[in-house]
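Structure data follow from upload-v5.tsv (TSV, C-alpha atoms):
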```
chain	number	residue	atom	x	y	z
Y	1	MET	CA	15.75	82.96	70.51
Y	2	GLY	CA	18.62	85.33	69.76
Y	3	SER	CA	21.31	85.03	67.14
Y	4	TYR	CA	24.82	84.10	68.13
Y	5	PRO	CA	26.85	87.31	68.46
Y	6	SER	CA	29.27	86.50	65.64
Y	7	ASP	CA	26.57	86.15	62.99
Y	8	PRO	CA	27.90	87.58	59.71
Y	9	PRO	CA	25.97	90.50	58.18
Y	10	PRO	CA	23.44	89.67	55.47
Y	11	LEU	CA	24.87	89.43	51.98
Y	12	GLN	CA	24.67	92.67	50.02
Y	13	MET	CA	24.62	91.51	46.43
Y	14	THR	CA	25.88	94.30	44.19
Y	15	ASP	CA	26.09	92.15	41.11
Y	16	ARG	CA	24.38	89.05	39.85
Y	17	ALA	CA	24.70	86.56	37.05
Y	18	ASN	CA	22.38	87.17	34.11
Y	19	PHE	CA	21.55	83.67	32.88
Y	20	VAL	CA	18.03	82.25	32.93
Y	21	ARG	CA	19.10	78.68	32.20
Y	22	MET	CA	22.17	77.31	33.95
Y	23	GLN	CA	23.31	75.83	30.64
Y	24	ASP	CA	23.85	79.39	29.42
Y	25	SER	CA	26.04	80.43	32.35
Y	26	THR	CA	29.62	81.56	31.83
Y	27	GLN	CA	32.87	81.20	33.74
Y	28	GLN	CA	32.54	84.86	34.72
Y	29	ASP	CA	29.12	84.12	36.19
Y	30	TRP	CA	30.59	81.31	38.26
Y	31	MET	CA	33.47	83.42	39.48
Y	32	LEU	CA	30.86	85.82	40.84
Y	33	ILE	CA	28.73	83.02	42.33
Y	34	GLY	CA	31.82	81.33	43.76
Y	35	GLY	CA	32.85	84.50	45.55
Y	36	GLU	CA	29.42	84.81	47.14
Y	37	PHE	CA	29.50	81.14	48.08
Y	38	MET	CA	32.76	81.56	49.98
Y	39	HIS	CA	31.13	84.27	52.08
Y	40	PHE	CA	28.00	82.19	52.57
Y	41	ALA	CA	30.00	79.11	53.61
Y	42	ARG	CA	31.75	81.06	56.36
Y	43	GLY	CA	28.36	81.64	57.95
Y	44	LEU	CA	27.52	77.93	58.16
Y	45	PRO	CA	28.39	77.50	61.87
Y	46	GLN	CA	26.10	80.40	62.82
Y	47	ARG	CA	23.24	79.04	60.71
Y	48	VAL	CA	23.66	75.60	62.24
Y	49	VAL	CA	23.53	77.04	65.76
Y	50	GLN	CA	20.44	79.07	64.91
Y	51	HIS	CA	18.74	75.88	63.77
Y	52	LEU	CA	19.93	73.96	66.82
Y	53	GLN	CA	18.44	76.67	69.02
Y	54	LEU	CA	15.01	75.91	67.57
Y	55	LEU	CA	15.09	72.98	70.00
Y	56	GLN	CA	14.97	75.34	72.98
Y	57	GLY	CA	11.79	74.83	74.96
Y	58	ASP	CA	10.91	71.70	72.96
Y	59	TYR	CA	10.53	69.10	75.71
Y	60	GLY	CA	8.34	66.59	73.90
Y	61	GLY	CA	7.66	65.07	77.32
Y	62	PHE	CA	11.35	64.53	78.12
Y	63	PRO	CA	12.92	65.67	81.44
Y	64	VAL	CA	14.93	68.35	79.58
Y	65	ASP	CA	14.30	70.14	76.32
Y	66	ARG	CA	16.00	68.88	73.19
Y	67	TYR	CA	18.45	71.79	73.15
Y	68	THR	CA	19.63	71.03	76.67
Y	69	HIS	CA	19.94	67.35	75.73
Y	70	SER	CA	22.17	68.32	72.81
Y	71	LEU	CA	24.40	70.55	74.94
Y	72	GLN	CA	24.55	67.96	77.71
Y	73	THR	CA	25.51	65.18	75.31
Y	74	ALA	CA	28.34	67.33	73.97
Y	75	THR	CA	29.40	68.28	77.50
Y	76	LEU	CA	29.64	64.62	78.54
Y	77	ALA	CA	31.75	63.84	75.48
Y	78	LEU	CA	34.02	66.81	76.05
Y	79	ASP	CA	34.49	66.01	79.73
Y	80	ASP	CA	35.42	62.47	78.76
Y	81	GLY	CA	38.28	63.75	76.60
Y	82	ARG	CA	36.74	63.29	73.16
Y	83	ASP	CA	38.22	65.32	70.32
Y	84	GLU	CA	36.56	68.35	68.73
Y	85	GLU	CA	35.05	66.51	65.80
Y	86	TYR	CA	33.42	63.95	68.07
Y	87	VAL	CA	32.11	66.67	70.40
Y	88	VAL	CA	30.59	68.53	67.46
Y	89	CYS	CA	28.88	65.31	66.37
Y	90	ALA	CA	27.54	64.92	69.90
Y	91	LEU	CA	26.30	68.51	69.86
Y	92	LEU	CA	24.46	68.16	66.53
Y	93	HIS	CA	23.28	64.55	66.67
Y	94	ASP	CA	19.63	65.54	67.24
Y	95	ILE	CA	19.53	68.75	65.20
Y	96	GLY	CA	17.19	67.02	62.76
Y	97	ASP	CA	14.36	66.74	65.28
Y	98	THR	CA	12.61	69.83	63.90
Y	99	LEU	CA	12.44	68.81	60.23
Y	100	GLY	CA	13.18	65.07	60.30
Y	101	SER	CA	10.59	64.02	62.86
Y	102	PHE	CA	10.68	60.44	61.60
Y	103	ASN	CA	14.33	60.26	60.50
Y	104	HIS	CA	16.21	62.87	62.52
Y	105	PRO	CA	19.59	61.07	62.42
Y	106	ASP	CA	19.66	61.35	58.63
Y	107	VAL	CA	19.37	65.15	58.82
Y	108	ALA	CA	22.28	65.48	61.25
Y	109	ALA	CA	24.35	63.02	59.24
Y	110	ALA	CA	23.78	64.99	56.04
Y	111	ILE	CA	24.95	68.23	57.67
Y	112	LEU	CA	28.07	66.61	59.13
Y	113	GLN	CA	29.09	64.31	56.27
Y	114	PRO	CA	31.48	66.70	54.47
Y	115	PHE	CA	33.36	67.50	57.68
Y	116	VAL	CA	33.75	64.32	59.74
Y	117	SER	CA	35.30	60.88	59.53
Y	118	GLU	CA	33.40	57.92	58.16
Y	119	ALA	CA	33.21	56.44	61.67
Y	120	ASN	CA	31.66	59.56	63.18
Y	121	HIS	CA	29.30	60.02	60.24
Y	122	TRP	CA	28.09	56.43	60.57
Y	123	MET	CA	27.68	56.91	64.31
Y	124	VAL	CA	25.43	59.95	63.86
Y	125	GLN	CA	23.45	58.36	61.04
Y	126	HIS	CA	22.70	55.20	63.03
Y	127	HIS	CA	22.49	56.52	66.58
Y	128	GLY	CA	18.68	56.46	66.54
Y	129	ILE	CA	18.53	52.68	66.23
Y	130	PHE	CA	21.36	52.20	68.74
Y	131	GLN	CA	19.75	54.56	71.25
Y	132	GLY	CA	16.61	52.47	70.86
Y	133	HIS	CA	18.33	49.75	72.88
Y	134	TYR	CA	17.42	51.77	75.97
Y	135	PHE	CA	13.71	52.31	75.26
Y	136	PHE	CA	12.33	50.51	72.19
Y	137	HIS	CA	10.90	47.72	74.34
Y	138	HIS	CA	8.65	50.27	76.06
Y	139	ILE	CA	6.95	51.28	72.80
Y	140	GLY	CA	6.51	47.87	71.21
Y	141	LEU	CA	9.71	47.83	69.17
Y	142	ASP	CA	12.68	45.50	69.29
Y	143	ARG	CA	15.33	46.95	71.58
Y	144	ASP	CA	17.89	44.75	69.85
Y	145	MET	CA	17.23	46.25	66.43
Y	146	ARG	CA	20.84	47.41	66.45
Y	147	GLU	CA	21.96	43.77	66.24
Y	148	GLN	CA	21.41	43.88	62.48
Y	149	PHE	CA	24.65	45.87	62.42
Y	150	ARG	CA	26.61	43.58	64.74
Y	151	GLY	CA	29.99	42.98	63.14
Y	152	HIS	CA	30.06	46.35	61.38
Y	153	GLU	CA	33.35	48.14	61.93
Y	154	HIS	CA	31.60	51.10	63.56
Y	155	PHE	CA	29.16	49.13	65.73
Y	156	GLU	CA	31.06	49.53	69.00
Y	157	HIS	CA	31.89	53.16	68.22
Y	158	THR	CA	28.19	53.94	67.90
Y	159	ALA	CA	27.08	51.78	70.83
Y	160	HIS	CA	29.61	53.55	73.05
Y	161	PHE	CA	28.34	56.98	71.99
Y	162	CYS	CA	24.80	56.07	72.98
Y	163	GLU	CA	25.77	54.39	76.23
Y	164	LYS	CA	28.16	57.05	77.51
Y	165	TYR	CA	26.81	60.31	76.12
Y	166	ASP	CA	23.38	60.16	74.45
Y	167	ASN	CA	21.65	57.83	76.92
Y	168	PRO	CA	22.48	59.72	80.18
Y	169	ALA	CA	22.03	63.27	78.82
Y	170	PHE	CA	18.54	63.92	80.19
Y	171	ASP	CA	19.50	65.20	83.64
Y	172	PRO	CA	17.93	68.55	84.61
Y	173	LYS	CA	20.74	68.97	87.16
Y	174	GLY	CA	23.49	67.62	84.94
Y	175	ARG	CA	26.51	69.67	83.88
Y	176	THR	CA	25.54	71.45	80.68
Y	177	LEU	CA	27.96	73.86	79.05
Y	178	PRO	CA	26.50	76.78	77.05
Y	179	ILE	CA	26.66	76.96	73.27
Y	180	GLU	CA	29.36	79.66	73.50
Y	181	HIS	CA	31.73	77.03	74.86
Y	182	PHE	CA	31.31	74.88	71.76
Y	183	MET	CA	31.21	77.61	69.14
Y	184	PRO	CA	34.98	77.80	68.44
Y	185	MET	CA	35.26	74.06	67.83
Y	186	LEU	CA	32.08	74.10	65.74
Y	187	GLU	CA	33.58	76.83	63.60
Y	188	ARG	CA	36.81	74.88	63.16
Y	189	VAL	CA	35.12	71.59	62.26
Y	190	LEU	CA	32.64	73.15	59.83
Y	191	SER	CA	35.32	75.16	58.02
Y	192	THR	CA	37.31	72.19	56.71
Y	193	PRO	CA	35.30	69.96	54.36
Y	194	ARG	CA	36.92	66.57	53.82
Y	195	ARG	CA	34.37	65.09	51.46
Y	196	SER	CA	32.57	67.24	48.93
Y	197	VAL	CA	32.30	67.34	45.17
Y	198	TYR	CA	33.27	71.02	45.49
Y	199	LYS	CA	36.37	70.46	47.61
Y	200	SER	CA	38.80	70.80	44.71
Y	201	VAL	CA	37.62	74.33	43.88
Y	202	LEU	CA	37.61	75.68	47.43
Y	203	LYS	CA	40.36	77.94	48.70
Y	204	PRO	CA	43.25	76.05	50.39
Y	205	GLN	CA	42.56	77.52	53.82
Y	206	GLN	CA	39.08	75.99	53.75
Y	207	THR	CA	40.28	72.48	52.99
Y	208	ALA	CA	43.29	72.26	55.31
```
Translate the structure described by the file into structure tokens.
Amino acid sequence: MGSYPSDPPPLQMTDRANFVRMQDSTQQDWMLIGGEFMHFARGLPQRVVQHLQLLQGDYGGFPVDRYTHSLQTATLALDDGRDEEYVVCALLHDIGDTLGSFNHPDVAAAILQPFVSEANHWMVQHHGIFQGHYFFHHIGLDRDMREQFRGHEHFEHTAHFCEKYDNPAFDPKGRTLPIEHFMPMLERVLSTPRRSVYKSVLKPQQTA
């Protein structure tokens, strides 16, 4: 697995804060740390892609590997005219498979929460149960488990995502755009946090 070509160079720390306990830190320390954080934050899209690429070759018995499924889900959403934020959610919806084997939607939702709408965040966080409508009955679970959320304002939004994009994205011959096609929109979406306790101290161009 190679790195995406635009990976930023590793940080070369020429100075560091001197505190041992955070309670003893100074404003000068945090100006230094804040400057390093701004550089680190710019590399988030590349780090996310590197983690997504861990799914390459991971079939888990499925017709396509999990990386292809992710790209194909995003391709279906893009081809259907969905906006960049939605397509990025489609691309990353299963990124948690490597570390969140039993709760993968929560991992993806945590990554996306600062950058996406409440509707799209809820969709990603709950897509596992909604996707279960198409297979839970084969493994002894209730395929209608999603009905507990019937009436929720984002129910149809999430059901539509699973029906139109997540559910059919296991086609070895299906149109699947490469990650390079999605990288510009991923960079744009992950550069503009909407919801974060740190939003008020970020530079204006990062919170536009």
Please, which residues in stretch 42-71 of chain Y fall within 12 Å of stretch 79-94 of chain Y when counting all atoms listed in the file, and what is the closest atom pair and distance in Å to one decimal for each, ordered by chain then residue number, as a tab-separated table?
```
residue	atom	partner	partner_atom	distance
Y:Pro45	CA	Y:Val88	CA	10.8
Y:Val48	CA	Y:Leu92	CA	8.6
Y:Val49	CA	Y:Leu92	CA	9.0
Y:Gln50	CA	Y:Leu92	CA	11.7
Y:His51	CA	Y:Leu92	CA	10.0
Y:Leu52	CA	Y:Leu92	CA	7.4
Y:Gln53	CA	Y:Leu92	CA	10.7
Y:Leu54	CA	Y:Asp94	CA	11.4
Y:Leu55	CA	Y:Asp94	CA	9.1
Y:Asp65	CA	Y:Asp94	CA	11.5
Y:Arg66	CA	Y:Asp94	CA	7.7
Y:Tyr67	CA	Y:Asp94	CA	8.7
Y:Thr68	CA	Y:Leu91	CA	9.9
Y:His69	CA	Y:Asp94	CA	8.7
Y:Ser70	CA	Y:Leu91	CA	5.1
Y:Leu71	CA	Y:Leu91	CA	5.8
```
Write out as a PyMOL selection string each polymer residue whose atoms come within 6 Å of Y:Arg143, counting all atoms listed in the file; drop sequence neighbours fewer than 6 positions from it. chain Y and resi 132-133+136-137
Residue nearest Y:Pro184 among Y:Phe115, Y:Gln46, Y:Gly61, Y:Ala110 (counting all atoms listed in the file):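 Looking at the shortest contact to Y:Pro184, the residue is Y:Gln46.
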Between atom CA of Y:Ala119 and atom CA of Y:His154, what is the spacing in Å?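 These atoms are spaced 5.9 Å apart.
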Of Y:Glu153, Y:Phe135, Y:Pro114, Y:Phe170, the one nearest to Y:Lys199 when counting only C-alpha atoms is Y:Pro114
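Comparing the minimum interatomic distances between Y:Glu36 and each of Y:Asp24, Y:Asp15, Y:Asp171, Y:Asp142, counting all atoms listed in the file, we find that Y:Asp15 sits nearest.
In this structure, atom CA of Y:Ala17 sits 26.1 Å away from atom CA of Y:Ser191.
Picture a line from atom CA of Y:Ile95 to atom CA of Y:Ala109; it runs 9.6 Å.
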Counting all atoms listed in the file, what is within 8 Å of Y:Gln72, bar same-chain residues fewer than 5 positions away, as JSON, numbers by chain? {"Y": [169, 170, 174, 175, 176, 177]}
Leaving out Y:Cys162 and any residue of its chain fewer than 5 positions from it, which residues lie within 10 Å of it when counting all atoms listed in the file, given as a PyMOL selection string? chain Y and resi 73+90+123-124+127-134+156-157+167-169
Would you give the centre and edge lengths, in Å to one decimal, of a box along x, y and z around the listed atoms of stretch 83-90 of chain Y, with 3 Å added to each side, as JSON?
```
{"center_x": 32.9, "center_y": 66.2, "center_z": 68.1, "size_x": 16.7, "size_y": 10.6, "size_z": 10.6}
```
Of the residues Y:Met31, Y:Met185, Y:Ile139, Y:Ala77, which is the one nearest to Y:Glu163, using all atoms listed in the file?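 The shortest atom-to-atom distance to Y:Glu163 comes from Y:Ala77.
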Please identify all polymer residues within 12 Å of Y:Gly34, counting only C-alpha atoms, omitting same-chain residues fewer than 3 positions from it, and present them as number ranges by chain. Y: 16-17, 27-31, 37-41, 198, 201-203
Could you take the residues named above and write them with C-alpha atoms, as a PDB file, in the coordinates of the input?
```pdb
ATOM      1  CA  ARG Y  16      24.380  89.050  39.850  1.00  0.00           C
ATOM      2  CA  ALA Y  17      24.700  86.560  37.050  1.00  0.00           C
ATOM      3  CA  GLN Y  27      32.870  81.200  33.740  1.00  0.00           C
ATOM      4  CA  GLN Y  28      32.540  84.860  34.720  1.00  0.00           C
ATOM      5  CA  ASP Y  29      29.120  84.120  36.190  1.00  0.00           C
ATOM      6  CA  TRP Y  30      30.590  81.310  38.260  1.00  0.00           C
ATOM      7  CA  MET Y  31      33.470  83.420  39.480  1.00  0.00           C
ATOM      8  CA  PHE Y  37      29.500  81.140  48.080  1.00  0.00           C
ATOM      9  CA  MET Y  38      32.760  81.560  49.980  1.00  0.00           C
ATOM     10  CA  HIS Y  39      31.130  84.270  52.080  1.00  0.00           C
ATOM     11  CA  PHE Y  40      28.000  82.190  52.570  1.00  0.00           C
ATOM     12  CA  ALA Y  41      30.000  79.110  53.610  1.00  0.00           C
ATOM     13  CA  TYR Y 198      33.270  71.020  45.490  1.00  0.00           C
ATOM     14  CA  VAL Y 201      37.620  74.330  43.880  1.00  0.00           C
ATOM     15  CA  LEU Y 202      37.610  75.680  47.430  1.00  0.00           C
ATOM     16  CA  LYS Y 203      40.360  77.940  48.700  1.00  0.00           C
TER      17      LYS Y 203
END
```
Looking at all atoms listed in the file, which of Y:Ile111, Y:Gln148, Y:Glu180, Y:Asp166 is the one that sits closest to Y:Arg195? Y:Ile111
